[in-house]
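Shown next: query.cif, containing mmCIF, N, CA and C atoms.
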data_target
loop_
_atom_site.label_atom_id
_atom_site.label_comp_id
_atom_site.auth_asym_id
_atom_site.auth_seq_id
_atom_site.Cartn_x
_atom_site.Cartn_y
_atom_site.Cartn_z
N MET A 1 135.10 -22.26 133.08
CA MET A 1 136.52 -22.36 133.40
C MET A 1 136.78 -23.58 134.28
N ASP A 2 137.94 -24.17 134.13
CA ASP A 2 138.33 -25.29 134.97
C ASP A 2 138.59 -24.79 136.39
N LYS A 3 138.95 -25.70 137.25
CA LYS A 3 139.27 -25.36 138.64
C LYS A 3 140.41 -24.33 138.67
N THR A 4 140.30 -23.41 139.61
CA THR A 4 141.39 -22.44 139.79
C THR A 4 142.17 -22.81 141.04
N TYR A 5 143.42 -22.40 141.06
CA TYR A 5 144.32 -22.78 142.14
C TYR A 5 144.94 -21.55 142.80
N ASP A 6 145.32 -21.74 144.06
CA ASP A 6 146.06 -20.74 144.82
C ASP A 6 147.53 -21.16 144.72
N ILE A 7 148.32 -20.34 144.05
CA ILE A 7 149.69 -20.72 143.68
C ILE A 7 150.72 -19.79 144.34
N LEU A 8 151.77 -20.39 144.89
CA LEU A 8 152.92 -19.64 145.39
C LEU A 8 154.07 -19.88 144.43
N LEU A 9 154.54 -18.80 143.78
CA LEU A 9 155.68 -18.86 142.86
C LEU A 9 156.93 -18.44 143.62
N VAL A 10 157.97 -19.25 143.56
CA VAL A 10 159.21 -18.94 144.28
C VAL A 10 160.37 -18.93 143.29
N ASP A 11 160.97 -17.75 143.11
CA ASP A 11 162.10 -17.61 142.19
C ASP A 11 162.85 -16.35 142.59
N ASP A 12 164.13 -16.30 142.31
CA ASP A 12 164.90 -15.08 142.62
C ASP A 12 164.95 -14.15 141.41
N ASP A 13 164.35 -14.56 140.29
CA ASP A 13 164.36 -13.78 139.07
C ASP A 13 163.04 -13.00 138.94
N GLU A 14 163.13 -11.70 139.17
CA GLU A 14 161.95 -10.81 139.13
C GLU A 14 161.21 -10.91 137.80
N PHE A 15 161.95 -10.94 136.70
CA PHE A 15 161.37 -11.00 135.36
C PHE A 15 160.52 -12.26 135.19
N LEU A 16 161.07 -13.41 135.60
CA LEU A 16 160.33 -14.67 135.48
C LEU A 16 159.13 -14.71 136.41
N LEU A 17 159.28 -14.19 137.62
CA LEU A 17 158.13 -14.12 138.54
C LEU A 17 157.00 -13.34 137.89
N ASP A 18 157.35 -12.22 137.25
CA ASP A 18 156.35 -11.37 136.62
C ASP A 18 155.66 -12.10 135.46
N ILE A 19 156.45 -12.73 134.60
CA ILE A 19 155.89 -13.44 133.45
C ILE A 19 154.94 -14.55 133.90
N TYR A 20 155.39 -15.39 134.82
CA TYR A 20 154.56 -16.52 135.25
C TYR A 20 153.36 -16.05 136.06
N SER A 21 153.53 -15.01 136.88
CA SER A 21 152.40 -14.47 137.64
C SER A 21 151.31 -14.01 136.68
N ARG A 22 151.71 -13.28 135.68
CA ARG A 22 150.75 -12.78 134.69
C ARG A 22 150.03 -13.93 133.99
N LYS A 23 150.79 -14.91 133.57
CA LYS A 23 150.22 -16.05 132.83
C LYS A 23 149.19 -16.80 133.68
N PHE A 24 149.53 -17.07 134.94
CA PHE A 24 148.61 -17.79 135.82
C PHE A 24 147.39 -16.94 136.18
N LYS A 25 147.59 -15.64 136.41
CA LYS A 25 146.46 -14.75 136.74
C LYS A 25 145.50 -14.63 135.56
N GLN A 26 146.04 -14.55 134.34
CA GLN A 26 145.19 -14.48 133.15
C GLN A 26 144.29 -15.72 133.04
N ALA A 27 144.76 -16.83 133.56
CA ALA A 27 144.00 -18.08 133.52
C ALA A 27 143.05 -18.19 134.73
N GLY A 28 143.02 -17.16 135.57
CA GLY A 28 142.08 -17.13 136.68
C GLY A 28 142.58 -17.65 138.01
N HIS A 29 143.87 -17.93 138.10
CA HIS A 29 144.43 -18.45 139.35
C HIS A 29 144.86 -17.32 140.28
N ALA A 30 144.85 -17.57 141.58
CA ALA A 30 145.38 -16.62 142.56
C ALA A 30 146.87 -16.88 142.67
N VAL A 31 147.68 -15.84 142.54
CA VAL A 31 149.14 -16.01 142.53
C VAL A 31 149.80 -15.12 143.57
N HIS A 32 150.73 -15.71 144.29
CA HIS A 32 151.55 -14.99 145.26
C HIS A 32 152.99 -15.26 144.87
N SER A 33 153.84 -14.25 144.99
CA SER A 33 155.25 -14.40 144.60
C SER A 33 156.14 -14.28 145.82
N ALA A 34 157.21 -15.07 145.81
CA ALA A 34 158.23 -14.97 146.85
C ALA A 34 159.58 -14.94 146.17
N HIS A 35 160.42 -14.00 146.59
CA HIS A 35 161.77 -13.86 146.03
C HIS A 35 162.73 -14.70 146.85
N GLY A 36 162.64 -16.01 146.69
CA GLY A 36 163.55 -16.91 147.39
C GLY A 36 162.87 -17.69 148.49
N GLY A 37 163.63 -18.66 149.02
CA GLY A 37 163.11 -19.60 149.98
C GLY A 37 162.65 -19.02 151.30
N GLU A 38 163.41 -18.07 151.85
CA GLU A 38 163.04 -17.49 153.15
C GLU A 38 161.70 -16.78 153.05
N GLU A 39 161.54 -16.00 151.97
CA GLU A 39 160.29 -15.27 151.77
C GLU A 39 159.13 -16.26 151.57
N ALA A 40 159.38 -17.35 150.89
CA ALA A 40 158.35 -18.38 150.69
C ALA A 40 157.92 -18.98 152.02
N LEU A 41 158.89 -19.28 152.88
CA LEU A 41 158.57 -19.87 154.19
C LEU A 41 157.79 -18.88 155.05
N GLU A 42 158.15 -17.60 154.99
CA GLU A 42 157.39 -16.58 155.72
C GLU A 42 155.95 -16.56 155.24
N TYR A 43 155.77 -16.57 153.94
CA TYR A 43 154.42 -16.55 153.37
C TYR A 43 153.63 -17.78 153.83
N LEU A 44 154.23 -18.95 153.71
CA LEU A 44 153.54 -20.19 154.06
C LEU A 44 153.21 -20.27 155.55
N ALA A 45 154.03 -19.67 156.39
CA ALA A 45 153.77 -19.68 157.84
C ALA A 45 152.45 -18.96 158.14
N GLY A 46 152.16 -17.90 157.39
CA GLY A 46 150.95 -17.13 157.62
C GLY A 46 149.79 -17.50 156.71
N ASN A 47 150.05 -18.26 155.68
CA ASN A 47 149.03 -18.63 154.70
C ASN A 47 149.13 -20.11 154.39
N PRO A 48 148.65 -20.93 155.30
CA PRO A 48 148.87 -22.37 155.14
C PRO A 48 148.14 -23.00 153.96
N LYS A 49 147.12 -22.33 153.42
CA LYS A 49 146.34 -22.99 152.37
C LYS A 49 146.75 -22.52 150.99
N VAL A 50 147.68 -23.22 150.39
CA VAL A 50 148.00 -23.01 148.99
C VAL A 50 147.80 -24.36 148.30
N ASP A 51 147.48 -24.30 147.02
CA ASP A 51 147.27 -25.54 146.27
C ASP A 51 148.55 -26.01 145.60
N ILE A 52 149.38 -25.03 145.21
CA ILE A 52 150.59 -25.34 144.44
C ILE A 52 151.73 -24.45 144.92
N VAL A 53 152.92 -25.05 145.12
CA VAL A 53 154.14 -24.27 145.32
C VAL A 53 155.03 -24.60 144.13
N LEU A 54 155.29 -23.58 143.32
CA LEU A 54 156.09 -23.72 142.11
C LEU A 54 157.41 -23.02 142.37
N MET A 55 158.52 -23.80 142.41
CA MET A 55 159.78 -23.21 142.85
C MET A 55 160.95 -23.52 141.92
N ASP A 56 161.87 -22.57 141.90
CA ASP A 56 163.13 -22.76 141.20
C ASP A 56 164.04 -23.57 142.12
N ILE A 57 165.08 -24.15 141.56
CA ILE A 57 166.04 -24.88 142.39
C ILE A 57 167.22 -23.99 142.74
N VAL A 58 167.76 -23.29 141.74
CA VAL A 58 168.96 -22.47 141.98
C VAL A 58 168.54 -21.07 142.41
N MET A 59 168.69 -20.82 143.71
CA MET A 59 168.38 -19.51 144.28
C MET A 59 169.45 -19.21 145.33
N PRO A 60 169.76 -17.93 145.54
CA PRO A 60 170.76 -17.60 146.56
C PRO A 60 170.23 -17.88 147.96
N SER A 61 171.08 -18.17 148.86
CA SER A 61 170.85 -18.40 150.29
C SER A 61 170.04 -19.65 150.63
N MET A 62 169.05 -20.04 149.83
CA MET A 62 168.32 -21.28 150.09
C MET A 62 167.89 -21.86 148.76
N SER A 63 168.37 -23.05 148.45
CA SER A 63 168.01 -23.68 147.17
C SER A 63 166.57 -24.17 147.23
N GLY A 64 166.02 -24.49 146.08
CA GLY A 64 164.67 -25.04 146.02
C GLY A 64 164.57 -26.35 146.77
N LEU A 65 165.64 -27.16 146.73
CA LEU A 65 165.62 -28.44 147.44
C LEU A 65 165.64 -28.22 148.95
N GLU A 66 166.39 -27.20 149.40
CA GLU A 66 166.38 -26.85 150.83
C GLU A 66 165.00 -26.32 151.23
N LEU A 67 164.38 -25.57 150.33
CA LEU A 67 163.03 -25.07 150.58
C LEU A 67 162.04 -26.23 150.70
N LEU A 68 162.14 -27.19 149.79
CA LEU A 68 161.27 -28.38 149.86
C LEU A 68 161.40 -29.07 151.20
N GLN A 69 162.64 -29.25 151.63
CA GLN A 69 162.89 -29.93 152.91
C GLN A 69 162.30 -29.12 154.07
N ALA A 70 162.47 -27.80 154.03
CA ALA A 70 161.95 -26.94 155.10
C ALA A 70 160.42 -26.97 155.13
N ILE A 71 159.79 -26.97 153.96
CA ILE A 71 158.32 -27.05 153.89
C ILE A 71 157.85 -28.34 154.55
N ARG A 72 158.52 -29.43 154.24
CA ARG A 72 158.14 -30.72 154.82
C ARG A 72 158.42 -30.75 156.33
N ASP A 73 159.61 -30.27 156.73
CA ASP A 73 159.98 -30.27 158.16
C ASP A 73 159.00 -29.46 159.00
N LYS A 74 158.54 -28.33 158.46
CA LYS A 74 157.65 -27.45 159.20
C LYS A 74 156.17 -27.83 159.03
N GLY A 75 155.90 -28.75 158.13
CA GLY A 75 154.51 -29.16 157.91
C GLY A 75 153.69 -28.11 157.17
N TYR A 76 154.34 -27.27 156.37
CA TYR A 76 153.65 -26.24 155.60
C TYR A 76 153.06 -26.82 154.33
N ALA A 77 152.11 -26.09 153.78
CA ALA A 77 151.53 -26.40 152.46
C ALA A 77 150.99 -27.84 152.41
N LYS A 78 150.33 -28.25 153.46
CA LYS A 78 149.78 -29.61 153.50
C LYS A 78 148.81 -29.82 152.34
N GLY A 79 149.01 -30.90 151.61
CA GLY A 79 148.12 -31.22 150.49
C GLY A 79 148.44 -30.47 149.21
N ALA A 80 149.38 -29.54 149.27
CA ALA A 80 149.73 -28.77 148.07
C ALA A 80 150.61 -29.61 147.15
N LYS A 81 150.54 -29.32 145.87
CA LYS A 81 151.44 -29.93 144.90
C LYS A 81 152.73 -29.12 144.91
N LEU A 82 153.85 -29.79 145.08
CA LEU A 82 155.15 -29.13 145.10
C LEU A 82 155.83 -29.42 143.76
N ILE A 83 156.03 -28.38 142.98
CA ILE A 83 156.52 -28.52 141.61
C ILE A 83 157.78 -27.68 141.41
N VAL A 84 158.78 -28.28 140.81
CA VAL A 84 160.02 -27.57 140.50
C VAL A 84 159.92 -27.01 139.08
N LEU A 85 160.31 -25.74 138.94
CA LEU A 85 160.39 -25.06 137.64
C LEU A 85 161.81 -24.52 137.57
N SER A 86 162.68 -25.21 136.84
CA SER A 86 164.10 -24.90 136.89
C SER A 86 164.75 -25.01 135.52
N ASN A 87 165.86 -24.32 135.36
CA ASN A 87 166.68 -24.50 134.16
C ASN A 87 167.59 -25.72 134.30
N GLN A 88 167.65 -26.30 135.49
CA GLN A 88 168.48 -27.48 135.73
C GLN A 88 167.76 -28.69 135.13
N GLY A 89 168.18 -29.07 133.94
CA GLY A 89 167.47 -30.15 133.25
C GLY A 89 168.22 -31.46 133.19
N GLN A 90 169.35 -31.54 133.90
CA GLN A 90 170.13 -32.78 133.90
C GLN A 90 169.35 -33.88 134.62
N GLU A 91 169.54 -35.10 134.16
CA GLU A 91 168.87 -36.25 134.78
C GLU A 91 169.16 -36.31 136.28
N SER A 92 170.40 -35.98 136.67
CA SER A 92 170.77 -36.03 138.10
C SER A 92 169.99 -34.99 138.91
N ASP A 93 169.73 -33.81 138.33
CA ASP A 93 168.95 -32.78 139.02
C ASP A 93 167.51 -33.24 139.21
N ILE A 94 166.95 -33.83 138.16
CA ILE A 94 165.57 -34.31 138.22
C ILE A 94 165.45 -35.44 139.24
N LYS A 95 166.42 -36.35 139.24
CA LYS A 95 166.42 -37.47 140.20
C LYS A 95 166.50 -36.95 141.64
N GLU A 96 167.36 -35.96 141.86
CA GLU A 96 167.50 -35.41 143.21
C GLU A 96 166.19 -34.79 143.67
N ALA A 97 165.51 -34.07 142.78
CA ALA A 97 164.21 -33.48 143.12
C ALA A 97 163.19 -34.58 143.40
N GLU A 98 163.21 -35.64 142.59
CA GLU A 98 162.29 -36.76 142.82
C GLU A 98 162.55 -37.42 144.17
N ASN A 99 163.82 -37.46 144.57
CA ASN A 99 164.16 -37.99 145.90
C ASN A 99 163.55 -37.14 147.01
N HIS A 100 163.28 -35.87 146.71
CA HIS A 100 162.61 -34.97 147.67
C HIS A 100 161.10 -35.03 147.50
N LYS A 101 160.64 -35.99 146.70
CA LYS A 101 159.20 -36.25 146.50
C LYS A 101 158.44 -35.05 145.94
N VAL A 102 158.99 -34.44 144.89
CA VAL A 102 158.24 -33.38 144.22
C VAL A 102 157.12 -34.03 143.40
N ASP A 103 156.09 -33.25 143.14
CA ASP A 103 154.96 -33.75 142.36
C ASP A 103 155.18 -33.58 140.87
N GLY A 104 156.10 -32.70 140.51
CA GLY A 104 156.39 -32.47 139.11
C GLY A 104 157.69 -31.71 138.94
N TYR A 105 158.25 -31.80 137.74
CA TYR A 105 159.52 -31.12 137.43
C TYR A 105 159.40 -30.59 136.01
N ILE A 106 159.50 -29.28 135.87
CA ILE A 106 159.38 -28.64 134.57
C ILE A 106 160.69 -27.90 134.29
N VAL A 107 161.25 -28.12 133.10
CA VAL A 107 162.49 -27.44 132.72
C VAL A 107 162.12 -26.15 131.98
N LYS A 108 162.49 -25.00 132.58
CA LYS A 108 162.15 -23.68 132.04
C LYS A 108 162.64 -23.50 130.61
N ALA A 109 163.87 -23.90 130.39
CA ALA A 109 164.53 -23.60 129.10
C ALA A 109 163.80 -24.22 127.91
N SER A 110 163.10 -25.33 128.14
CA SER A 110 162.44 -26.00 127.01
C SER A 110 160.92 -25.89 127.07
N THR A 111 160.42 -24.93 127.86
CA THR A 111 158.98 -24.81 128.04
C THR A 111 158.57 -23.34 128.02
N ILE A 112 157.66 -22.97 127.12
CA ILE A 112 157.18 -21.59 127.11
C ILE A 112 156.13 -21.41 128.21
N PRO A 113 155.90 -20.16 128.67
CA PRO A 113 154.98 -19.94 129.79
C PRO A 113 153.60 -20.60 129.65
N SER A 114 153.02 -20.59 128.46
CA SER A 114 151.69 -21.22 128.33
C SER A 114 151.77 -22.73 128.55
N GLU A 115 152.89 -23.34 128.16
CA GLU A 115 153.08 -24.78 128.42
C GLU A 115 153.31 -25.04 129.90
N VAL A 116 154.02 -24.12 130.57
CA VAL A 116 154.22 -24.25 132.02
C VAL A 116 152.85 -24.24 132.70
N LEU A 117 152.00 -23.31 132.30
CA LEU A 117 150.64 -23.22 132.85
C LEU A 117 149.91 -24.56 132.67
N GLU A 118 149.92 -25.07 131.45
CA GLU A 118 149.23 -26.34 131.15
C GLU A 118 149.78 -27.48 132.01
N LYS A 119 151.10 -27.57 132.09
CA LYS A 119 151.72 -28.66 132.85
C LYS A 119 151.41 -28.56 134.35
N VAL A 120 151.48 -27.34 134.89
CA VAL A 120 151.20 -27.14 136.31
C VAL A 120 149.76 -27.53 136.63
N VAL A 121 148.82 -27.08 135.79
CA VAL A 121 147.41 -27.41 136.02
C VAL A 121 147.20 -28.93 135.90
N ALA A 122 147.87 -29.56 134.93
CA ALA A 122 147.74 -31.01 134.77
C ALA A 122 148.26 -31.74 136.01
N ILE A 123 149.41 -31.30 136.52
CA ILE A 123 149.97 -31.92 137.72
C ILE A 123 149.05 -31.69 138.92
N ALA A 124 148.55 -30.48 139.05
CA ALA A 124 147.68 -30.13 140.19
C ALA A 124 146.38 -30.91 140.18
N SER A 125 145.90 -31.26 138.99
CA SER A 125 144.60 -31.95 138.91
C SER A 125 144.72 -33.47 139.12
N GLN A 126 145.96 -33.97 139.20
CA GLN A 126 146.15 -35.40 139.47
C GLN A 126 145.85 -35.68 140.93
N VAL A 127 145.15 -36.77 141.15
CA VAL A 127 144.79 -37.10 142.55
C VAL A 127 145.81 -38.05 143.13
#

If you convert what's in this file into structure tokens, what do you get?
Amino acid sequence: MDKTYDILLVDDDEFLLDIYSRKFKQAGHAVHSAHGGEEALEYLAGNPKVDIVLMDIVMPSMSGLELLQAIRDKGYAKGAKLIVLSNQGQESDIKEAENHKVDGYIVKASTIPSEVLEKVVAIASQV
């Protein structure tokens, strides 16, 4: 098996968290789920070593971009790949995420879970 990763999935959609958690676990990765930005920050405060934070952009109370900023401001997830997994596929959304220095941007609507897995692992393995 290739390298395995410690992944934090952040989304407000329980169904999607379940699907992606299952897909990543089947591939041998350790997966933790957070229902939104606040829960993600709580997790990261106590578990500083994650390899990948995979987050949605549109979430109630704290957007993915606000979460990205908070992770950076607090110095959490040092060395982790920060990847957006969102239905927001407009060029302006992608540019805004790139301005927040994300490591990758995956559009949910045009990517099946196995492709998300492949893309996340490819992004994570880039040095």

field: Distance query range 50-62 of chain A at most 6.5 Å, only N, CA and C atoms, self and fewer than 3 positions along chain excluded, as a VMD selection string
entry: chain A and resid 5 to 12 36 to 38 47 65 to 67 77 to 87

Next, write the just-selected residues to a file, as a compact mmCIF listing (two decimals), in the coordinates of the input, keeping N, CA and C atoms as the atom set.
# COMPACT_ATOMS: atom_id res chain seq x y z
N TYR A 5 143.42 -22.40 141.06
CA TYR A 5 144.32 -22.78 142.14
C TYR A 5 144.94 -21.55 142.80
N ASP A 6 145.32 -21.74 144.06
CA ASP A 6 146.06 -20.74 144.82
C ASP A 6 147.53 -21.16 144.72
N ILE A 7 148.32 -20.34 144.05
CA ILE A 7 149.69 -20.72 143.68
C ILE A 7 150.72 -19.79 144.34
N LEU A 8 151.77 -20.39 144.89
CA LEU A 8 152.92 -19.64 145.39
C LEU A 8 154.07 -19.88 144.43
N LEU A 9 154.54 -18.80 143.78
CA LEU A 9 155.68 -18.86 142.86
C LEU A 9 156.93 -18.44 143.62
N VAL A 10 157.97 -19.25 143.56
CA VAL A 10 159.21 -18.94 144.28
C VAL A 10 160.37 -18.93 143.29
N ASP A 11 160.97 -17.75 143.11
CA ASP A 11 162.10 -17.61 142.19
C ASP A 11 162.85 -16.35 142.59
N ASP A 12 164.13 -16.30 142.31
CA ASP A 12 164.90 -15.08 142.62
C ASP A 12 164.95 -14.15 141.41
N GLY A 36 162.64 -16.01 146.69
CA GLY A 36 163.55 -16.91 147.39
C GLY A 36 162.87 -17.69 148.49
N GLY A 37 163.63 -18.66 149.02
CA GLY A 37 163.11 -19.60 149.98
C GLY A 37 162.65 -19.02 151.30
N GLU A 38 163.41 -18.07 151.85
CA GLU A 38 163.04 -17.49 153.15
C GLU A 38 161.70 -16.78 153.05
N ASN A 47 150.05 -18.26 155.68
CA ASN A 47 149.03 -18.63 154.70
C ASN A 47 149.13 -20.11 154.39
N LEU A 65 165.64 -27.16 146.73
CA LEU A 65 165.62 -28.44 147.44
C LEU A 65 165.64 -28.22 148.95
N GLU A 66 166.39 -27.20 149.40
CA GLU A 66 166.38 -26.85 150.83
C GLU A 66 165.00 -26.32 151.23
N LEU A 67 164.38 -25.57 150.33
CA LEU A 67 163.03 -25.07 150.58
C LEU A 67 162.04 -26.23 150.70
N ALA A 77 152.11 -26.09 153.78
CA ALA A 77 151.53 -26.40 152.46
C ALA A 77 150.99 -27.84 152.41
N LYS A 78 150.33 -28.25 153.46
CA LYS A 78 149.78 -29.61 153.50
C LYS A 78 148.81 -29.82 152.34
N GLY A 79 149.01 -30.90 151.61
CA GLY A 79 148.12 -31.22 150.49
C GLY A 79 148.44 -30.47 149.21
N ALA A 80 149.38 -29.54 149.27
CA ALA A 80 149.73 -28.77 148.07
C ALA A 80 150.61 -29.61 147.15
N LYS A 81 150.54 -29.32 145.87
CA LYS A 81 151.44 -29.93 144.90
C LYS A 81 152.73 -29.12 144.91
N LEU A 82 153.85 -29.79 145.08
CA LEU A 82 155.15 -29.13 145.10
C LEU A 82 155.83 -29.42 143.76
N ILE A 83 156.03 -28.38 142.98
CA ILE A 83 156.52 -28.52 141.61
C ILE A 83 157.78 -27.68 141.41
N VAL A 84 158.78 -28.28 140.81
CA VAL A 84 160.02 -27.57 140.50
C VAL A 84 159.92 -27.01 139.08
N LEU A 85 160.31 -25.74 138.94
CA LEU A 85 160.39 -25.06 137.64
C LEU A 85 161.81 -24.52 137.57
N SER A 86 162.68 -25.21 136.84
CA SER A 86 164.10 -24.90 136.89
C SER A 86 164.75 -25.01 135.52
N ASN A 87 165.86 -24.32 135.36
CA ASN A 87 166.68 -24.50 134.16
C ASN A 87 167.59 -25.72 134.30

message: Just the number, please: distance in Å from atom N of Lys3 in chain A to CA of Arg22 in chain A, one decimal.
response: 17.7 Å

- request: Check the smallest atom-to-atom distance from each of A:Ala124, A:Leu44, A:Val107, A:Leu16 to Tyr76 in chain A using only N, CA and C atoms, then report the winner.
  value: A:Leu44

Distance in Å - CA of Gly104 in chain A versus atom C of Leu68 in chain A: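 Going from CA of Gly104 in chain A over to atom C of Leu68 in chain A, I get 13.5 Å.
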
DSSP strand (DSSP E or B) selection over chain A, as a CSV table (one decimal) with N, CA and C atoms, in the coordinates of the input:
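The resulting states_17.csv:
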chain,number,residue,atom,x,y,z
A,6,ASP,N,145.3,-21.7,144.1
A,6,ASP,CA,146.1,-20.7,144.8
A,6,ASP,C,147.5,-21.2,144.7
A,7,ILE,N,148.3,-20.3,144.0
A,7,ILE,CA,149.7,-20.7,143.7
A,7,ILE,C,150.7,-19.8,144.3
A,8,LEU,N,151.8,-20.4,144.9
A,8,LEU,CA,152.9,-19.6,145.4
A,8,LEU,C,154.1,-19.9,144.4
A,9,LEU,N,154.5,-18.8,143.8
A,9,LEU,CA,155.7,-18.9,142.9
A,9,LEU,C,156.9,-18.4,143.6
A,10,VAL,N,158.0,-19.2,143.6
A,10,VAL,CA,159.2,-18.9,144.3
A,10,VAL,C,160.4,-18.9,143.3
A,30,ALA,N,144.8,-17.6,141.6
A,30,ALA,CA,145.4,-16.6,142.6
A,30,ALA,C,146.9,-16.9,142.7
A,31,VAL,N,147.7,-15.8,142.5
A,31,VAL,CA,149.1,-16.0,142.5
A,31,VAL,C,149.8,-15.1,143.6
A,32,HIS,N,150.7,-15.7,144.3
A,32,HIS,CA,151.6,-15.0,145.3
A,32,HIS,C,153.0,-15.3,144.9
A,33,SER,N,153.8,-14.2,145.0
A,33,SER,CA,155.2,-14.4,144.6
A,33,SER,C,156.1,-14.3,145.8
A,34,ALA,N,157.2,-15.1,145.8
A,34,ALA,CA,158.2,-15.0,146.8
A,34,ALA,C,159.6,-14.9,146.2
A,52,ILE,N,149.4,-25.0,145.2
A,52,ILE,CA,150.6,-25.3,144.4
A,52,ILE,C,151.7,-24.4,144.9
A,53,VAL,N,152.9,-25.0,145.1
A,53,VAL,CA,154.1,-24.3,145.3
A,53,VAL,C,155.0,-24.6,144.1
A,54,LEU,N,155.3,-23.6,143.3
A,54,LEU,CA,156.1,-23.7,142.1
A,54,LEU,C,157.4,-23.0,142.4
A,55,MET,N,158.5,-23.8,142.4
A,55,MET,CA,159.8,-23.2,142.8
A,55,MET,C,161.0,-23.5,141.9
A,81,LYS,N,150.5,-29.3,145.9
A,81,LYS,CA,151.4,-29.9,144.9
A,81,LYS,C,152.7,-29.1,144.9
A,82,LEU,N,153.8,-29.8,145.1
A,82,LEU,CA,155.2,-29.1,145.1
A,82,LEU,C,155.8,-29.4,143.8
A,83,ILE,N,156.0,-28.4,143.0
A,83,ILE,CA,156.5,-28.5,141.6
A,83,ILE,C,157.8,-27.7,141.4
A,84,VAL,N,158.8,-28.3,140.8
A,84,VAL,CA,160.0,-27.6,140.5
A,84,VAL,C,159.9,-27.0,139.1
A,85,LEU,N,160.3,-25.7,138.9
A,85,LEU,CA,160.4,-25.1,137.6
A,85,LEU,C,161.8,-24.5,137.6
A,86,SER,N,162.7,-25.2,136.8
A,86,SER,CA,164.1,-24.9,136.9
A,86,SER,C,164.8,-25.0,135.5
A,104,GLY,N,156.1,-32.7,140.5
A,104,GLY,CA,156.4,-32.5,139.1
A,104,GLY,C,157.7,-31.7,138.9
A,105,TYR,N,158.2,-31.8,137.7
A,105,TYR,CA,159.5,-31.1,137.4
A,105,TYR,C,159.4,-30.6,136.0
A,106,ILE,N,159.5,-29.3,135.9
A,106,ILE,CA,159.4,-28.6,134.6
A,106,ILE,C,160.7,-27.9,134.3
A,107,VAL,N,161.2,-28.1,133.1
A,107,VAL,CA,162.5,-27.4,132.7
A,107,VAL,C,162.1,-26.2,132.0

message: Quick check, in Å to one decimal: how far apart do atom N of Tyr20 in chain A and atom C of Gly64 in chain A lie?
response: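 Distance reported for this atom pair: 18.6 Å.
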
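Of the residues under consideration (A:Gln90, A:Asp13, A:Arg72, A:Glu115), A:Asp13 shows the shortest atom-to-atom contact distance to Ala34 in chain A when counting all atoms listed in the file.
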
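Distances from A:Ser125, A:Ser21, A:Ser63, A:Gln88 to Pro113 in chain A were compared using only C-alpha atoms, and the smallest one belongs to A:Ser21.
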
Residue IDs satisfying the PyMOL selection byres (((chain A and resi 100 and name CA) around 8) and name CA), as a list in words: Leu65, Leu68, Gln69, Glu96, Ala97, Glu98, Asn99, Lys101 and Val102 of chain A
